[in-house]
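Trainee: The file below is work_2.txt, compact mmCIF, C-alpha atoms:
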```
# COMPACT_ATOMS: atom_id res chain seq x y z
CA LEU A 27 74.36 112.99 77.42
CA SER A 28 71.99 115.61 78.80
CA ALA A 29 70.17 117.88 76.40
CA THR A 30 69.75 120.51 79.09
CA PRO A 31 72.05 123.46 78.39
CA PRO A 32 74.51 124.18 81.17
CA ALA A 33 73.56 126.88 83.63
CA PRO A 34 75.49 130.10 82.96
CA GLY A 35 78.72 130.25 84.87
CA THR A 36 78.94 126.51 85.49
CA GLN A 37 79.95 124.76 82.28
CA ARG A 38 82.49 127.21 80.85
CA PRO A 39 84.52 127.71 84.02
CA ARG A 40 84.56 124.00 84.64
CA GLY A 41 85.62 123.36 81.07
CA ARG A 42 88.34 125.98 81.29
CA THR A 43 89.51 124.71 84.66
CA GLU A 44 89.74 121.21 83.26
CA ARG A 45 91.62 122.42 80.17
CA VAL A 46 94.12 124.22 82.38
CA ARG A 47 94.49 121.09 84.48
CA GLN A 48 95.11 118.94 81.42
CA ALA A 49 97.64 121.41 79.99
CA VAL A 50 99.50 121.57 83.29
CA LEU A 51 99.46 117.77 83.62
CA ALA A 52 100.81 117.37 80.08
CA ALA A 53 103.52 119.96 80.72
CA THR A 54 104.49 118.31 84.01
CA ARG A 55 104.79 114.92 82.30
CA SER A 56 106.77 116.43 79.45
CA GLU A 57 109.15 118.28 81.76
CA LEU A 58 109.70 115.13 83.83
CA ALA A 59 110.34 113.06 80.71
CA GLY A 60 112.67 115.62 79.17
CA SER A 61 114.62 117.07 82.06
CA GLY A 62 113.76 114.92 85.07
CA TYR A 63 112.50 115.77 88.51
CA ALA A 64 115.53 117.78 89.58
CA ALA A 65 114.86 120.36 86.87
CA LEU A 66 111.11 120.56 87.48
CA THR A 67 109.92 124.02 88.48
CA VAL A 68 106.49 125.63 88.60
CA ASP A 69 107.72 128.34 86.24
CA ARG A 70 108.85 125.85 83.58
CA VAL A 71 105.59 123.93 83.80
CA ALA A 72 103.53 127.13 83.54
CA GLU A 73 105.50 128.24 80.48
CA ALA A 74 105.27 124.84 78.78
CA ALA A 75 101.55 124.67 79.51
CA GLY A 76 100.89 128.20 78.27
CA VAL A 77 99.23 129.04 81.58
CA ALA A 78 99.89 132.08 83.77
CA LYS A 79 102.42 131.33 86.49
CA SER A 80 100.12 132.90 89.08
CA THR A 81 97.41 130.38 88.16
CA VAL A 82 99.74 127.43 88.59
CA TYR A 83 101.13 128.73 91.90
CA ARG A 84 97.64 129.48 93.22
CA ARG A 85 96.22 126.09 92.33
CA TRP A 86 99.19 123.74 92.84
CA ARG A 87 101.53 125.84 95.01
CA ASP A 88 104.75 123.95 94.23
CA THR A 89 106.24 120.99 92.38
CA ALA A 90 104.92 118.62 95.03
CA GLY A 91 101.42 119.90 94.28
CA LEU A 92 101.99 119.22 90.59
CA LEU A 93 103.20 115.70 91.33
CA LEU A 94 100.17 115.00 93.54
CA GLU A 95 97.87 116.07 90.69
CA LEU A 96 99.76 113.76 88.36
CA LEU A 97 99.62 110.90 90.88
CA ASP A 98 95.85 111.33 91.18
CA ASP A 99 95.48 111.38 87.40
CA LEU A 100 97.77 108.37 86.87
CA SER A 101 96.09 106.29 89.56
CA THR A 102 92.66 106.89 88.10
CA SER A 103 93.62 106.37 84.46
CA GLU A 104 96.32 103.72 84.71
CA ILE A 105 95.04 101.47 87.50
CA PRO A 106 91.34 100.95 86.87
CA PHE A 107 89.62 98.71 89.39
CA ALA A 108 88.58 95.43 87.79
CA ASP A 109 85.22 93.80 88.55
CA THR A 110 85.45 90.31 87.13
CA GLY A 111 83.35 88.61 89.79
CA SER A 112 86.50 86.93 91.14
CA VAL A 113 88.37 88.72 93.91
CA ASP A 114 91.49 86.73 92.96
CA GLU A 115 91.41 88.09 89.43
CA ASP A 116 90.56 91.61 90.58
CA ALA A 117 93.43 91.57 93.09
CA ARG A 118 95.87 90.37 90.45
CA ALA A 119 94.69 93.07 88.05
CA LEU A 120 95.24 95.71 90.74
CA ALA A 121 98.74 94.45 91.53
CA VAL A 122 99.71 94.20 87.87
CA GLY A 123 98.37 97.74 87.34
CA ILE A 124 100.59 99.07 90.12
CA ALA A 125 103.64 97.25 88.74
CA HIS A 126 102.87 98.50 85.25
CA LEU A 127 102.62 102.11 86.42
CA TYR A 128 106.16 101.92 87.77
CA SER A 129 107.52 100.24 84.66
CA ASP A 130 106.74 103.57 82.95
CA HIS A 131 109.91 105.48 83.70
CA VAL A 132 108.37 108.95 83.91
CA ALA A 133 105.37 108.04 85.99
CA GLY A 134 107.34 105.75 88.25
CA THR A 135 110.08 108.27 88.84
CA MET A 136 107.48 110.91 89.55
CA VAL A 137 105.66 108.98 92.24
CA LEU A 138 108.90 107.87 93.86
CA ALA A 139 110.06 111.50 93.85
CA LEU A 140 106.87 112.51 95.60
CA ILE A 141 107.29 109.81 98.23
CA ALA A 142 110.89 110.92 98.74
CA GLU A 143 109.76 114.54 99.07
CA ALA A 144 107.29 113.55 101.79
CA VAL A 145 110.14 112.27 103.96
CA HIS A 146 111.36 115.83 104.37
CA ASN A 147 108.11 117.75 103.89
CA ALA A 148 105.28 117.30 106.39
CA THR A 149 102.75 119.05 104.14
CA VAL A 150 103.42 116.63 101.29
CA ALA A 151 103.33 113.75 103.76
CA ASP A 152 99.88 114.85 104.94
CA GLU A 153 98.67 115.16 101.37
CA LEU A 154 100.00 111.71 100.50
CA ARG A 155 98.30 110.26 103.59
CA ARG A 156 95.00 111.78 102.50
CA PHE A 157 95.49 110.65 98.91
CA TRP A 158 96.13 107.03 99.87
CA ALA A 159 93.29 106.95 102.38
CA VAL A 160 90.85 107.83 99.60
CA ARG A 161 92.57 105.71 96.97
CA ASN A 162 92.86 102.56 99.08
CA ASP A 163 89.30 102.88 100.34
CA ARG A 164 88.10 102.96 96.73
CA ALA A 165 90.32 100.00 95.79
CA ALA A 166 88.90 98.11 98.77
CA GLU A 167 85.63 97.75 96.84
CA ILE A 168 87.10 94.66 95.17
CA VAL A 169 87.64 93.12 98.61
CA ARG A 170 84.19 94.07 99.88
CA ALA A 171 82.72 92.43 96.77
CA GLY A 172 84.80 89.32 97.47
CA VAL A 173 83.51 89.14 101.04
CA ALA A 174 79.93 89.68 99.86
CA ALA A 175 80.38 86.84 97.33
CA GLY A 176 81.73 84.50 100.00
CA GLN A 177 85.19 84.43 98.39
CA LEU A 178 86.83 85.92 101.50
CA PRO A 179 85.91 85.45 105.17
CA ASP A 180 83.50 87.75 106.96
CA GLY A 181 85.46 90.17 109.11
CA THR A 182 88.21 90.67 106.52
CA ASP A 183 89.60 94.22 106.73
CA PRO A 184 89.17 95.46 103.14
CA VAL A 185 91.77 98.24 103.25
CA GLU A 186 94.29 95.96 104.95
CA VAL A 187 94.02 93.54 102.03
CA ILE A 188 94.66 96.43 99.62
CA ARG A 189 97.73 97.46 101.63
CA ALA A 190 98.96 93.85 101.55
CA ILE A 191 98.58 93.71 97.76
CA GLY A 192 100.60 96.89 97.19
CA ALA A 193 103.17 96.59 99.97
CA PRO A 194 105.53 94.00 98.42
CA ILE A 195 105.65 96.03 95.20
CA TYR A 196 106.47 99.35 96.88
CA TYR A 197 108.91 97.57 99.22
CA ARG A 198 110.94 96.42 96.23
CA LEU A 199 110.71 99.75 94.45
CA LEU A 200 111.66 101.90 97.44
CA VAL A 201 113.49 99.87 100.05
CA THR A 202 115.36 96.97 98.49
CA ARG A 203 115.44 98.54 94.99
CA GLU A 204 114.61 95.19 93.38
CA PRO A 205 112.87 94.82 90.02
CA VAL A 206 109.10 94.45 89.85
CA ASP A 207 107.41 92.42 87.14
CA ARG A 208 104.12 90.61 86.56
CA THR A 209 105.23 87.58 88.57
CA VAL A 210 106.09 89.73 91.58
CA ALA A 211 102.74 91.52 91.26
CA GLU A 212 100.65 88.37 90.97
CA ARG A 213 102.45 86.79 93.88
CA ALA A 214 101.69 89.88 95.98
CA ALA A 215 97.99 89.53 95.17
CA ASP A 216 97.92 85.78 95.80
CA ALA A 217 99.77 86.13 99.11
CA ALA A 218 97.46 88.91 100.31
CA LEU A 219 94.35 86.82 99.62
CA ALA A 220 95.90 83.72 101.21
CA ALA A 221 96.65 85.79 104.33
CA ALA A 222 93.07 87.11 104.33
CA ARG A 223 91.67 83.59 103.97
CA ALA A 224 93.76 82.47 106.94
CA GLY A 225 92.07 85.22 108.99
CA THR A 226 95.23 87.27 109.54
CA LEU A 227 93.86 90.41 107.84
CA ASP A 228 90.65 90.72 109.81
CA THR A 229 89.21 93.75 111.57
CA SER A 230 88.81 92.15 114.99
CA PRO A 231 90.99 93.26 117.90
CA ARG A 232 94.13 91.17 118.10
CA PRO A 233 95.57 89.87 121.35
CA GLU A 234 99.19 90.69 122.04
CA GLY A 235 101.37 87.74 121.07
CA LEU B 17 139.17 86.40 125.48
CA SER B 18 142.40 85.24 123.87
CA ALA B 19 145.63 85.49 125.83
CA THR B 20 147.69 85.61 122.65
CA PRO B 21 149.05 89.12 122.13
CA PRO B 22 147.99 90.72 118.85
CA ALA B 23 150.46 90.59 115.99
CA PRO B 24 152.17 93.95 115.46
CA GLY B 25 150.32 96.15 113.03
CA THR B 26 147.03 94.32 113.31
CA GLN B 27 145.40 95.19 116.63
CA ARG B 28 146.15 98.89 116.90
CA PRO B 29 145.04 99.88 113.40
CA ARG B 30 141.93 97.79 113.75
CA GLY B 31 141.19 99.27 117.13
CA ARG B 32 141.81 102.77 115.84
CA THR B 33 139.66 102.16 112.75
CA GLU B 34 136.84 100.94 114.94
CA ARG B 35 137.23 103.90 117.31
CA VAL B 36 137.02 106.28 114.37
CA ARG B 37 133.95 104.45 113.12
CA GLN B 38 132.24 104.66 116.50
CA ALA B 39 133.09 108.36 116.87
CA VAL B 40 131.74 109.12 113.39
CA LEU B 41 128.59 107.07 114.08
CA ALA B 42 127.99 108.90 117.36
CA ALA B 43 128.55 112.27 115.69
CA THR B 44 126.20 111.37 112.83
CA ARG B 45 123.48 110.35 115.29
CA SER B 46 124.02 113.47 117.34
CA GLU B 47 123.92 115.77 114.31
CA LEU B 48 120.74 114.10 113.07
CA ALA B 49 119.13 114.38 116.48
CA GLY B 50 120.17 118.00 116.97
CA SER B 51 119.89 119.58 113.55
CA GLY B 52 118.18 117.03 111.34
CA TYR B 53 119.08 115.50 108.03
CA ALA B 54 118.91 118.74 106.04
CA ALA B 55 121.79 120.22 108.07
CA LEU B 56 123.94 117.07 107.97
CA THR B 57 127.31 117.58 106.29
CA VAL B 58 130.51 115.54 106.27
CA ASP B 59 132.38 118.54 107.66
CA ARG B 60 130.09 118.92 110.67
CA VAL B 61 130.26 115.20 111.42
CA ALA B 62 134.06 115.20 111.16
CA GLU B 63 134.31 118.17 113.49
CA ALA B 64 131.87 116.72 116.04
CA ALA B 65 133.69 113.37 115.92
CA GLY B 66 137.12 114.95 116.28
CA VAL B 67 138.26 113.14 113.14
CA ALA B 68 140.10 114.64 110.17
CA LYS B 69 137.72 115.63 107.39
CA SER B 70 139.93 113.85 104.87
CA THR B 71 139.47 110.60 106.79
CA VAL B 72 135.69 110.90 106.77
CA TYR B 73 135.56 111.84 103.08
CA ARG B 74 137.91 108.98 102.15
CA ARG B 75 136.01 106.34 104.07
CA TRP B 76 132.36 107.47 103.76
CA ARG B 77 132.51 109.89 100.81
CA ASP B 78 129.29 111.81 101.58
CA THR B 79 126.30 112.02 103.90
CA ALA B 80 124.71 109.03 102.16
CA GLY B 81 127.78 106.98 103.06
CA LEU B 82 127.42 108.07 106.68
CA LEU B 83 123.75 107.09 106.68
CA LEU B 84 124.54 103.68 105.20
CA GLU B 85 127.08 103.07 107.97
CA LEU B 86 124.46 104.05 110.53
CA LEU B 87 121.83 101.85 108.88
CA ASP B 88 124.20 98.90 109.01
CA ASP B 89 124.99 99.57 112.66
CA LEU B 90 121.33 100.07 113.62
CA SER B 91 120.16 96.94 111.82
CA THR B 92 122.74 94.82 113.55
CA SER B 93 122.29 96.27 117.02
CA GLU B 94 118.59 97.10 117.07
CA ILE B 95 117.05 94.20 115.20
CA PRO B 96 118.73 91.03 116.46
CA PHE B 97 117.45 87.84 114.87
CA ALA B 98 115.56 85.73 117.37
CA ASP B 99 115.93 81.96 117.51
CA THR B 100 113.13 80.74 119.76
CA GLY B 101 112.50 77.47 117.96
CA SER B 102 109.20 78.87 116.65
CA VAL B 103 109.25 80.60 113.28
CA ASP B 104 106.04 82.39 114.27
CA GLU B 105 107.69 83.94 117.31
CA ASP B 106 110.90 84.71 115.41
CA ALA B 107 108.95 86.40 112.61
CA ARG B 108 106.98 88.50 115.11
CA ALA B 109 110.21 89.51 116.87
CA LEU B 110 111.71 90.60 113.55
CA ALA B 111 108.62 92.64 112.62
CA VAL B 112 108.40 94.26 116.05
CA GLY B 113 112.14 95.07 115.83
CA ILE B 114 111.63 96.86 112.53
CA ALA B 115 108.65 98.81 113.87
CA HIS B 116 110.61 99.70 117.00
CA LEU B 117 113.56 101.01 114.99
CA TYR B 118 111.27 103.48 113.24
CA SER B 119 109.59 104.55 116.46
CA ASP B 120 113.01 106.03 117.35
CA HIS B 121 112.73 109.41 115.69
CA VAL B 122 116.39 109.85 114.81
CA ALA B 123 116.99 106.37 113.48
CA GLY B 124 113.70 106.25 111.62
CA THR B 125 114.21 109.64 110.02
CA MET B 126 117.71 108.64 109.05
CA VAL B 127 116.72 105.48 107.22
CA LEU B 128 113.80 107.18 105.50
CA ALA B 129 116.17 109.96 104.42
CA LEU B 130 118.50 107.39 102.94
CA ILE B 131 115.67 105.70 101.07
CA ALA B 132 114.54 109.10 99.79
CA GLU B 133 118.10 109.91 98.70
CA ALA B 134 118.25 106.68 96.70
CA VAL B 135 115.33 107.82 94.56
CA HIS B 136 117.54 110.53 93.06
CA ASN B 137 120.98 108.95 93.49
CA ALA B 138 121.82 105.74 91.62
CA THR B 139 124.95 105.10 93.67
CA VAL B 140 123.00 105.18 96.92
CA ALA B 141 120.31 103.01 95.31
CA ASP B 142 122.94 100.42 94.38
CA GLU B 143 124.37 100.49 97.88
CA LEU B 144 120.92 100.08 99.42
CA ARG B 145 120.22 97.15 97.08
CA ARG B 146 123.44 95.46 98.19
CA PHE B 147 122.75 96.23 101.85
CA TRP B 148 119.28 94.71 101.77
CA ALA B 149 120.41 91.66 99.80
CA VAL B 150 122.87 90.81 102.57
CA ARG B 151 120.58 91.85 105.40
CA ASN B 152 117.50 89.95 104.14
CA ASP B 153 119.53 86.84 103.36
CA ARG B 154 120.76 86.83 106.96
CA ALA B 155 117.25 87.41 108.32
CA ALA B 156 116.04 84.52 106.14
CA GLU B 157 117.80 82.14 108.54
CA ILE B 158 114.69 82.22 110.73
CA VAL B 159 112.62 81.02 107.76
CA ARG B 160 115.13 78.32 106.79
CA ALA B 161 115.03 77.08 110.39
CA GLY B 162 111.22 77.03 110.24
CA VAL B 163 111.28 74.97 107.05
CA ALA B 164 113.84 72.59 108.55
CA ALA B 165 111.62 72.19 111.62
CA GLY B 166 108.57 71.43 109.50
CA GLN B 167 106.84 74.66 110.55
CA LEU B 168 106.73 75.96 106.97
CA PRO B 169 106.32 74.02 103.72
CA ASP B 170 109.29 72.74 101.75
CA GLY B 171 109.92 75.01 98.81
CA THR B 172 109.18 78.21 100.76
CA ASP B 173 111.30 81.08 99.45
CA PRO B 174 113.09 82.27 102.62
CA VAL B 175 113.93 85.79 101.43
CA GLU B 176 110.44 86.28 100.03
CA VAL B 177 108.99 85.60 103.48
CA ILE B 178 111.36 88.20 104.95
CA ARG B 179 110.24 90.71 102.33
CA ALA B 180 106.61 89.93 103.16
CA ILE B 181 107.23 90.53 106.88
CA GLY B 182 108.83 93.94 106.32
CA ALA B 183 106.79 95.19 103.37
CA PRO B 184 103.57 96.22 105.19
CA ILE B 185 105.63 98.18 107.73
CA TYR B 186 107.67 100.10 105.15
CA TYR B 187 104.55 100.60 103.03
CA ARG B 188 102.90 102.48 105.90
CA LEU B 189 106.05 104.42 106.77
CA LEU B 190 106.85 105.51 103.24
CA VAL B 191 103.81 105.31 101.00
CA THR B 192 100.61 105.81 102.97
CA ARG B 193 102.34 107.57 105.91
CA GLU B 194 100.27 105.62 108.43
CA PRO B 195 101.39 104.86 111.99
CA VAL B 196 103.18 101.61 112.76
CA ASP B 197 102.81 99.88 116.12
CA ARG B 198 103.21 96.42 117.60
CA THR B 199 99.81 95.30 116.30
CA VAL B 200 100.71 96.31 112.75
CA ALA B 201 104.06 94.54 113.06
CA GLU B 202 102.64 91.30 114.45
CA ARG B 203 99.95 91.23 111.82
CA ALA B 204 102.62 91.63 109.12
CA ALA B 205 104.48 88.61 110.50
CA ASP B 206 101.34 86.49 110.88
CA ALA B 207 100.14 87.36 107.37
CA ALA B 208 103.53 86.52 105.84
CA LEU B 209 103.61 83.10 107.47
CA ALA B 210 99.97 82.41 106.52
CA ALA B 211 100.84 83.26 102.92
CA ALA B 212 103.88 80.98 103.08
CA ARG B 213 101.79 78.12 104.53
CA ALA B 214 99.31 78.53 101.68
CA GLY B 215 102.21 78.00 99.25
CA THR B 216 102.10 81.49 97.74
CA LEU B 217 105.67 82.38 98.76
CA ASP B 218 107.42 79.39 97.27
CA THR B 219 110.45 79.28 95.00
CA SER B 220 108.88 77.28 92.19
CA PRO B 221 108.26 78.93 88.82
CA ARG B 222 104.77 80.35 88.68
CA PRO B 223 102.49 80.08 85.65
CA GLU B 224 101.14 83.34 84.29
CA GLY B 225 97.64 83.93 85.62
```
Let me see the file written as structure tokens.

Mentor:
Amino acid sequence: LSATPPAPGTQRPRGRTERVRQAVLAATRSELAGSGYAALTVDRVAEAAGVAKSTVYRRWRDTAGLLLELLDDLSTSEIPFADTGSVDEDARALAVGIAHLYSDHVAGTMVLALIAEAVHNATVADELRRFWAVRNDRAAEIVRAGVAAGQLPDGTDPVEVIRAIGAPIYYRLLVTREPVDRTVAERAADAALAAARAGTLDTSPRPEG
Amino acid sequence: LSATPPAPGTQRPRGRTERVRQAVLAATRSELAGSGYAALTVDRVAEAAGVAKSTVYRRWRDTAGLLLELLDDLSTSEIPFADTGSVDEDARALAVGIAHLYSDHVAGTMVLALIAEAVHNATVADELRRFWAVRNDRAAEIVRAGVAAGQLPDGTDPVEVIRAIGAPIYYRLLVTREPVDRTVAERAADAALAAARAGTLDTSPRPEG
């Protein structure tokens, strides 16, 4: 939207970097859809993307790095944060977005594979921890807006509400291996807000019970 | 405690089966503690337990089978269900028991390894689903008692409350890789019961939002 021409050496590299990223993302998705996680290798992705292997190794290091890039991309594109003016509606939209992401076989399998990888790989675990810290803090905007609008009590811990919305969905997907649908998602959102309204998700120090 | 002698062919085999099970469990724990999950093999466990490999393969099939046996044993021994007369106290005891199990490095790593394995192994996923269905239904007794005592509303879904107690703990362990302590556990229990008291964890059909 700016008429100012890009400074030399800024626009083109950024554009090329982004094109490489998109090609690698598309190749990673395609490889996962076609051959599954077990067959995913950096070499195959580089070849399918038409990008030099050295570039892919340098930027993403390994398949876990590719999956983290895809997770970041999916979270941003597939689970937009709603801003309806109602924290209840926004929370339901977030929960339904999470459930919907995992109803997509490729994306869901990919994120679960990354979580599984983190169990055995401390580097991936650290990267996941960082990813979720940023992601959940951004999602917490819907809770902060709800507190500001008087829809949730002062002192509500915004990130804790976000954890509470997602937790029952991931619990089913990973632990009990139970199906997740819109009803499950909406119930997760409703339960999280009910818990917040009862003052159980606040930021104050809690006495030992 | 019975003075009646065991019928021939019942006591000895049962005793021997249980001794084999205990030896294999101890060897599995020891191997996990000493060498970690990556080095766990049926052969090593059989050797450490002093049990024929064929017996271990026949009864547990693979390392996932060994981990499921250990999970079953740990759940029963490490997370006893409280019955204090207060569903709030019982729920907190359950949550603290879960958190405590994962603060034990070997046990925690083992269960997380099993959950990770299930992501790539449909047989293990099915076995985990069955395990949790039984386990959570048993844990739900504390919720049923709370409903019967008028401490939770009629129509509360007992298993859903159990899921809600565990979910924030597993979410931190597996997804966001955040630490879990007694405060986290007690908050999970308190939030689950608050959500139940608000009627969000009931068994009635829910309209689409």

Trainee: Dump as CSV the rows for residues of chain A within 6 Å of chain B: closest atom pair and distance in Å with one decimal, all atoms listed in the file counted, ordered by chain and rising residue number.

Mentor:
```
residue,atom,partner,partner_atom,distance
A:Ala142,CA,B:Ala132,CA,4.2
A:Arg155,CA,B:Thr192,CA,5.1
A:Trp158,CA,B:Thr192,CA,5.6
A:Ala193,CA,B:Ala183,CA,5.2
A:Pro194,CA,B:Ala183,CA,5.2
A:Tyr197,CA,B:Ala183,CA,5.2
A:Thr202,CA,B:Arg145,CA,5.1
A:Arg203,CA,B:Arg145,CA,5.4
A:Ala217,CA,B:Ala211,CA,4.9
A:Ala220,CA,B:Ala211,CA,5.2
A:Ala221,CA,B:Ala207,CA,4.9
A:Thr226,CA,B:Ala207,CA,5.4
```

Trainee: Enter the distance from atom CA of Glu157 of chain B to atom CA of Gly101 of chain B, in Å, rounded to one decimal.

Mentor: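 Rounded to one decimal, the two atoms are 11.8 Å apart.
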
Trainee: So the first atom is atom CA of Ser112 of chain A and the second is atom CA of Thr229 of chain A; what is the distance between them in Å, to one decimal place?

Mentor: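 Rounded to one decimal, the two atoms are 21.7 Å apart.
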
Trainee: Could you tell me how far atom CA of Tyr128 of chain A lies from atom CA of Ala80 of chain B, in Å and to one decimal?

Mentor: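 These atoms are spaced 24.5 Å apart.
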
Trainee: I want to know what sits within 12 Å of Ser103 of chain A, based on all atoms listed in the file, with residues of the same chain fewer than 3 positions away left out; could you give that as a VMD selection string?

Mentor: chain A and resid 96 to 100 106 to 107 123 to 124 127 133

Trainee: Measuring atom to atom with only C-alpha atoms, identify which of A:Leu58, A:Val113, A:Leu178, A:Val68 is nearest to Gly91 of chain A.

Mentor: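 Counting only C-alpha atoms, the residue closest to Gly91 of chain A is A:Val68.
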
Trainee: Is it possible to get the residues within 6 Å of (108.4, 96.9, 114.3) (coordinates as in the file, counting all atoms listed in the file) written as a ChimeraX atom specification?

Mentor: /B:111-116,201
